[in-house]
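Heads up, final-v4.txt below (compact mmCIF, C-alpha atoms and all ligand atoms):
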# COMPACT_ATOMS: atom_id res chain seq x y z
CA MET O 26 129.12 89.97 55.38
CA ASN O 27 130.86 86.74 54.36
CA ALA O 28 127.67 85.55 52.66
CA GLN O 29 127.87 88.50 50.26
CA PHE O 30 131.50 87.68 49.37
CA LEU O 31 130.42 84.08 48.77
CA GLY O 32 127.76 85.26 46.31
CA ALA O 33 130.07 87.77 44.63
CA ASP O 34 132.68 85.06 43.91
CA ALA O 35 130.14 82.64 42.45
CA GLY O 36 130.52 81.78 38.76
CA GLU O 37 127.97 82.33 35.99
CA ASP O 38 127.02 78.65 35.68
CA LYS O 39 124.13 76.77 37.34
CA ARG O 40 126.20 76.01 40.43
CA GLY O 41 127.12 79.69 40.72
CA ALA O 42 123.45 80.70 40.51
CA GLN O 43 122.61 78.25 43.33
CA LEU O 44 125.45 79.60 45.41
CA ARG O 45 124.27 83.19 44.89
CA LYS O 46 120.73 82.22 45.93
CA GLN O 47 122.01 80.56 49.10
CA ALA O 48 124.28 83.51 49.85
CA ALA O 49 121.31 85.89 49.47
CA ARG O 50 119.24 83.73 51.83
CA ILE O 51 122.01 83.67 54.47
CA SER O 52 122.43 87.41 54.10
CA ARG O 53 118.67 88.02 54.58
CA SER O 54 118.59 85.80 57.68
CA SER O 55 121.57 87.54 59.21
CA ASP O 56 120.02 90.99 58.47
CA LEU O 57 116.85 89.85 60.21
CA MET O 58 118.81 88.54 63.17
CA MET O 59 120.78 91.79 63.47
CA ARG O 60 117.53 93.75 63.40
CA LEU O 61 115.99 91.56 66.08
CA ILE O 62 119.06 91.94 68.29
CA ALA O 63 119.07 95.73 67.78
CA ASP O 64 115.32 95.82 68.65
CA LEU O 65 115.88 93.75 71.81
CA LEU O 66 118.68 96.11 72.88
CA ASP O 67 116.55 99.20 72.16
CA GLY O 68 113.63 97.63 74.05
CA ALA O 69 115.89 97.02 77.07
CA LYS O 70 117.18 100.63 76.93
CA ILE O 71 113.64 102.02 76.83
CA GLU O 72 112.58 99.74 79.68
CA SER O 73 115.48 100.95 81.84
CA GLY O 74 115.05 104.60 80.81
CA THR O 75 118.53 104.80 79.28
CA LEU O 76 117.60 105.41 75.63
CA ARG O 77 119.23 108.70 74.69
CA ALA O 78 118.36 110.98 71.80
CA GLU O 79 120.89 113.53 70.52
CA PRO O 80 118.65 116.22 69.03
CA HIS O 81 119.62 118.65 66.31
CA LEU O 82 117.44 120.96 64.24
CA GLU O 83 116.30 118.94 61.23
CA PRO O 84 114.20 120.05 58.24
CA VAL O 85 110.98 118.05 58.08
CA GLU O 86 110.78 117.63 54.34
CA ALA O 87 114.24 116.04 54.13
CA LEU O 88 113.38 113.68 57.00
CA LEU O 89 110.25 112.47 55.21
CA ASP O 90 112.07 112.17 51.87
CA ASP O 91 114.77 110.00 53.44
CA ALA O 92 112.20 107.82 55.22
CA LEU O 93 110.10 107.35 52.09
CA ASP O 94 113.16 106.57 49.95
CA LEU O 95 113.69 103.41 52.03
CA PHE O 96 110.28 102.09 51.00
CA ARG O 97 109.74 103.33 47.44
CA SER O 98 110.81 100.11 45.72
CA GLY O 99 108.83 97.95 48.21
CA ALA O 100 105.75 100.07 47.58
CA ARG O 101 106.22 99.85 43.80
CA GLU O 102 106.54 96.05 44.00
CA LYS O 103 103.22 95.90 45.87
CA SER O 104 101.55 98.51 43.62
CA ILE O 105 101.03 100.73 46.64
CA GLN O 106 100.96 104.49 46.20
CA LEU O 107 103.33 106.01 48.78
CA GLY O 108 103.43 109.79 49.16
CA SER O 109 104.15 112.59 51.57
CA ASP O 110 102.56 115.96 52.18
CA VAL O 111 104.28 118.65 54.24
CA ALA O 112 102.04 121.55 55.24
CA GLN O 113 103.13 125.11 54.52
CA ARG O 114 105.48 126.77 56.99
CA VAL O 115 106.35 123.65 58.96
CA PRO O 116 109.30 124.57 61.16
CA ASP O 117 112.37 122.36 61.56
CA VAL O 118 112.14 119.84 64.40
CA TRP O 119 114.53 119.10 67.25
CA CYS O 120 115.37 115.43 66.86
CA ASP O 121 117.91 112.68 66.66
CA ARG O 122 117.72 112.12 62.92
CA ASP O 123 118.58 108.39 62.89
CA ARG O 124 116.17 107.67 65.71
CA VAL O 125 113.30 109.51 64.01
CA LEU O 126 114.05 107.67 60.75
CA GLN O 127 113.76 104.48 62.83
CA VAL O 128 110.30 105.61 64.03
CA LEU O 129 109.12 106.55 60.53
CA SER O 130 110.55 103.29 59.15
CA ASN O 131 108.59 101.28 61.66
CA LEU O 132 105.34 103.07 60.89
CA ILE O 133 105.78 103.01 57.10
CA GLY O 134 107.06 99.40 57.27
CA ASN O 135 103.94 98.34 59.19
CA ALA O 136 101.70 100.21 56.75
CA LEU O 137 103.41 98.48 53.82
CA LYS O 138 103.15 95.09 55.54
CA PHE O 139 99.42 95.34 56.24
CA THR O 140 98.12 97.30 53.24
CA PRO O 141 96.96 95.11 50.37
CA PRO O 142 98.20 95.72 46.80
CA GLY O 143 96.63 98.72 45.10
CA GLY O 144 96.34 100.66 48.38
CA THR O 145 97.81 103.95 49.52
CA ILE O 146 100.14 105.14 52.29
CA ALA O 147 100.28 108.86 53.08
CA VAL O 148 102.85 110.46 55.37
CA THR O 149 102.00 113.99 56.48
CA ALA O 150 103.52 116.70 58.68
CA VAL O 151 101.58 119.66 60.08
CA PRO O 152 102.67 122.38 62.51
CA LEU O 153 101.08 122.63 65.98
CA THR O 154 101.77 125.41 68.49
CA ASP O 155 105.29 124.37 69.45
CA GLN O 156 105.42 120.92 67.92
CA VAL O 157 105.11 119.22 64.56
CA GLN O 158 102.64 116.38 64.14
CA PHE O 159 103.59 113.49 61.83
CA THR O 160 101.00 110.98 60.65
CA VAL O 161 101.33 107.75 58.68
CA ALA O 162 97.92 106.73 57.31
CA ASP O 163 97.22 103.67 55.20
CA SER O 164 94.24 102.22 53.35
CA GLY O 165 94.72 98.74 54.83
CA PRO O 166 92.37 96.76 57.07
CA GLY O 167 92.97 98.98 60.10
CA ILE O 168 93.48 97.73 63.64
CA PRO O 169 90.61 96.02 65.45
CA ALA O 170 89.28 98.02 68.41
CA GLU O 171 90.17 95.23 70.86
CA HIS O 172 93.84 95.41 69.75
CA LEU O 173 94.20 99.18 70.10
CA PRO O 174 94.99 99.18 73.84
CA HIS O 175 97.86 96.71 73.25
CA ILE O 176 99.71 97.74 70.11
CA PHE O 177 102.31 99.84 71.98
CA ASP O 178 102.97 97.06 74.51
CA ARG O 179 106.36 95.39 74.60
CA TYR O 180 106.38 92.14 72.54
CA TRP O 181 102.67 92.40 71.74
CA GLN O 182 101.42 90.86 68.49
CA PRO O 183 97.98 89.44 67.72
CA SER O 184 97.87 85.67 67.94
CA GLY O 185 98.83 84.03 64.66
CA ALA O 186 101.11 86.92 63.62
CA ARG O 187 103.86 86.09 61.14
CA ARG O 188 107.23 85.20 62.60
CA GLY O 189 110.22 87.39 61.82
CA SER O 190 109.45 90.30 64.09
CA ALA O 191 109.23 90.50 67.84
CA GLY O 192 106.27 92.84 68.38
CA LEU O 193 108.71 95.50 69.56
CA GLY O 194 108.38 97.98 66.70
CA LEU O 195 105.68 100.27 68.08
CA TYR O 196 106.96 99.91 71.66
CA ILE O 197 110.36 101.18 70.49
CA ALA O 198 108.85 103.86 68.22
CA LYS O 199 106.82 105.27 71.12
CA GLY O 200 109.84 105.06 73.45
CA ILE O 201 111.96 107.03 70.97
CA VAL O 202 109.26 109.69 70.53
CA GLU O 203 108.88 110.03 74.30
CA ALA O 204 112.67 110.37 74.65
CA HIS O 205 112.16 113.51 72.48
CA SER O 206 109.35 114.75 74.81
CA GLY O 207 106.84 113.94 72.09
CA ARG O 208 103.86 111.62 72.17
CA MET O 209 102.50 108.89 69.92
CA TRP O 210 98.97 107.60 69.43
CA VAL O 211 96.78 105.60 67.10
CA ASP O 212 93.49 106.27 65.36
CA SER O 213 92.01 103.34 63.56
CA LYS O 214 88.58 102.24 62.50
CA PRO O 215 88.25 98.76 61.05
CA ARG O 216 88.19 98.82 57.23
CA HIS O 217 89.26 102.48 57.21
CA GLY O 218 92.96 101.89 57.53
CA ALA O 219 95.35 102.65 60.37
CA MET O 220 96.59 106.11 61.32
CA LEU O 221 99.64 106.37 63.58
CA SER O 222 100.70 109.84 64.69
CA PHE O 223 103.46 111.35 66.77
CA THR O 224 104.78 114.78 67.69
CA LEU O 225 108.27 116.25 67.90
CA PRO O 226 109.33 119.59 69.39
CA ALA O 227 109.48 122.37 66.82
CA GLY O 228 112.43 124.69 66.36
CA SER O 229 111.73 128.39 65.97
CA PRO O 230 108.80 128.89 63.61
CA ALA O 231 109.42 129.68 59.99
CA PRO O 232 109.22 133.44 59.35
CA ARG O 233 106.00 134.76 57.85
CA PRO O 234 106.43 135.96 54.25
CA GLU O 235 106.05 139.57 55.46
CA GLU O 236 108.96 139.01 57.87
CA LEU O 237 111.30 137.99 55.08
CA PRO O 238 114.02 140.54 54.20
CA ILE O 239 112.57 141.38 50.75
CA SER O 240 108.81 141.62 50.33
CA SER O 241 107.66 139.18 47.69
CA GLU O 242 105.11 141.72 46.36
CA LEU O 243 108.01 144.03 45.50
CA LEU O 244 109.49 141.27 43.40
CA GLY O 245 106.14 140.53 41.77
CA ARG O 246 106.23 136.79 42.42
CA PRO O 247 104.83 134.39 45.02
CA ALA O 248 106.39 134.43 48.46
CA PRO O 249 109.08 131.82 49.00
CA LEU O 250 108.37 129.13 51.60
CA PRO O 251 111.36 129.09 53.92
CA ALA O 252 111.07 125.82 55.83
CA ALA O 253 108.41 123.95 53.97
CA SER O 254 107.85 122.53 50.55
CA ALA O 255 106.31 124.66 47.89
CA SER O 256 105.42 121.53 45.95
CA HIS O 257 103.46 119.79 48.70
CA GLN O 258 101.17 122.45 50.05
CA ALA O 259 98.33 121.43 52.31
CA ASN O 260 96.72 123.39 55.05
CA HIS O 261 95.54 120.64 57.32
CA PRO O 262 93.37 121.64 60.22
CA HIS O 263 94.91 120.50 63.45
CA THR O 264 92.90 118.01 65.44
CA ASP O 265 94.59 117.36 68.75
CA ARG O 266 93.41 113.85 69.42
CA SER O 267 93.67 112.36 72.84
CA ASP O 268 96.05 109.53 73.55
CA ASN O 269 94.77 106.06 72.89
CA ARG O 270 97.16 103.97 74.90
N1 LIG S 1 99.40 99.90 59.79
C1 LIG S 1 98.91 98.86 60.46
N2 LIG S 1 97.80 98.20 60.01
C2 LIG S 1 97.29 97.15 60.69
N3 LIG S 1 97.82 96.67 61.85
C3 LIG S 1 98.92 97.27 62.34
C4 LIG S 1 99.52 98.39 61.69
N4 LIG S 1 100.58 98.79 62.43
C5 LIG S 1 100.63 97.97 63.48
N5 LIG S 1 99.66 97.04 63.44
C6 LIG S 1 99.39 96.00 64.45
O1 LIG S 1 100.18 96.26 65.60
C7 LIG S 1 101.02 95.14 65.87
C8 LIG S 1 102.29 95.61 66.52
O2 LIG S 1 103.13 96.30 65.58
P1 LIG S 1 104.70 96.36 65.86
O3 LIG S 1 104.90 96.77 67.27
O4 LIG S 1 105.35 97.15 64.79
O5 LIG S 1 105.14 94.84 65.81
P2 LIG S 1 105.42 93.88 64.59
O6 LIG S 1 105.51 94.70 63.33
O7 LIG S 1 106.70 93.24 65.01
O8 LIG S 1 104.25 92.90 64.57
C9 LIG S 1 101.18 94.44 64.54
O9 LIG S 1 101.52 93.09 64.69
C10 LIG S 1 99.80 94.62 63.94
O10 LIG S 1 98.90 93.67 64.47
MG MG S 2 106.49 96.53 63.04
What does this structure look like when you write it as structure tokens?
Amino acid sequence: MNAQFLGADAGEDKRGAQLRKQAARISRSSDLMMRLIADLLDGAKIESGTLRAEPHLEPVEALLDDALDLFRSGAREKSIQLGSDVAQRVPDVWCDRDRVLQVLSNLIGNALKFTPPGGTIAVTAVPLTDQVQFTVADSGPGIPAEHLPHIFDRYWQPSGARRGSAGLGLYIAKGIVEAHSGRMWVDSKPRHGAMLSFTLPAGSPAPRPEELPISSELLGRPAPLPAASASHQANHPHTDRSDNR
């Protein structure tokens, strides 16, 4: 962007500092504008049923790592604990990587926006029968019951919402998930934080340890975990909640 060049050429004096500040402001505004335009275009594609996903098999842990990386410094600045937890033996998912990062970014971005300093945001992935369920849960104020039926609507925002976004985020996120034959829903109780979940089609399930070529008992050490993290083990029970549209 030209604004960045303007800032880069600025000198070290007071005038240069002012110039850099202005350049940064122009750059932020133009980023915001680009994002709004991209959202409007995505919204129009979803509306007309022309949003396409190009799915490939993607490992879940890497997806979550990449999504969280985008928000680590923002979370640190707000003293919010941001973490992920991938259940054992989560298979890879069939998805358009960039589009799913867009979905996760919207959910984590919302959680970061609404959660007060000192709170937590947890992103989890658990296997279902032939899908993987992703959940972004925060410790913020939650979503009032009367808003729940509207949050996936196009352009919807509660009255008095801050400017700078168009109320398209969750509409687009849900449209992207549905373009993958998945579904998205919300669970939220006031003062208990918001919980947004979605599913994606699973690839072939990870082999059981006994199906691996060399038995781990023979080697005298714990079985390796083929498609899931050994460091983030959690055996979450699956609760297949009904849609709350
Ligand atoms: N994690 C959350 N906590 C509280 N409210 C939320 C959360 N996520 C979404 N919302 C509510 O849903 C609305 C719609 O979200 P979204 O579609 O992303 O639009 P935007 O972020 O542009 O307002 C938000 O304005 C907010 O009122
Ligand atoms: Mg949003």
(request) Residues within 9 Å of ligand LIG 1 (chain S) should be enumerated using only C-alpha atoms and all ligand atoms and returned as a ChimeraX atom specification. (result) /O:131-140,161-169,172-173,175-184,186-198,213,218-221
(request) One decimal, Å: what's the distance from CA of His205 in chain O over to CA of Pro226 in chain O, could you say? (result)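 Going from CA of His205 in chain O over to CA of Pro226 in chain O, I get 7.4 Å.
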(message) Using only C-alpha atoms and all ligand atoms for the distances, tell me which of O:Ile51, O:Ala42, O:Val111, O:Leu129 is nearest to ligand MG 2 (chain S).
(response) O:Leu129
(message) Please compute the CA of Val85 in chain O-CA of Val211 in chain O distance, one decimal, in Å.
(response) 20.9 Å
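Nearest residue to Leu76 in chain O, choosing from O:Val128, O:Leu225, O:Ile201, O:Met209 and counting all atoms listed in the file: O:Ile201.
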(request) Would you kindly return, as a list of chain:residue names, each protein, DNA or RNA residue with an atom no farther than 9 Å from any atom of Ile105 in chain O, considering all atoms listed in the file and excluding same-chain residues fewer than 2 positions away? (result) O:Gly99, O:Ala100, O:Arg101, O:Glu102, O:Lys103, O:Leu107, O:Leu137, O:Thr140, O:Pro141, O:Pro142, O:Gly143, O:Gly144, O:Thr145, O:Ile146
(request) Grab the CA of Ala204 in chain O to CA of Arg77 in chain O distance for me, in Å with one decimal place. (result) 6.8 Å
(request) Go through O:Pro215, O:Leu61, O:Thr224, O:Asp110 and flag the residue nearest ligand MG 2 (chain S), using all atoms listed in the file for the distances. (result)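 Closest residue, counting all atoms listed in the file: O:Leu61.
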(request) Find the spatial neighbours of Gln158 in chain O, counting all atoms listed in the file, within a cut-off of 9 Å - ignore same-chain residues fewer than 5 positions away - and output them as a list of chain:residue names. (result)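 These residues fall inside the cut-off: O:Thr149, O:Ala150, O:Val151, O:Pro152, O:Leu153, O:Ser222, O:Phe223, O:Thr224, O:Leu225, O:His263.
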(request) Select, from O:Gly68, O:Ser130, O:Val115, O:Gln43, the residue with the minimum atom-to-atom distance to ligand MG 2 (chain S), counting all atoms listed in the file. (result)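 Answer, going by the shortest atom-to-atom distance: O:Ser130.
Using only C-alpha atoms and all ligand atoms, the shortest contact distance between ligand MG 2 (chain S) and any of O:Asp64, O:Ser229, O:Pro80, O:Ala87 is found at O:Asp64.
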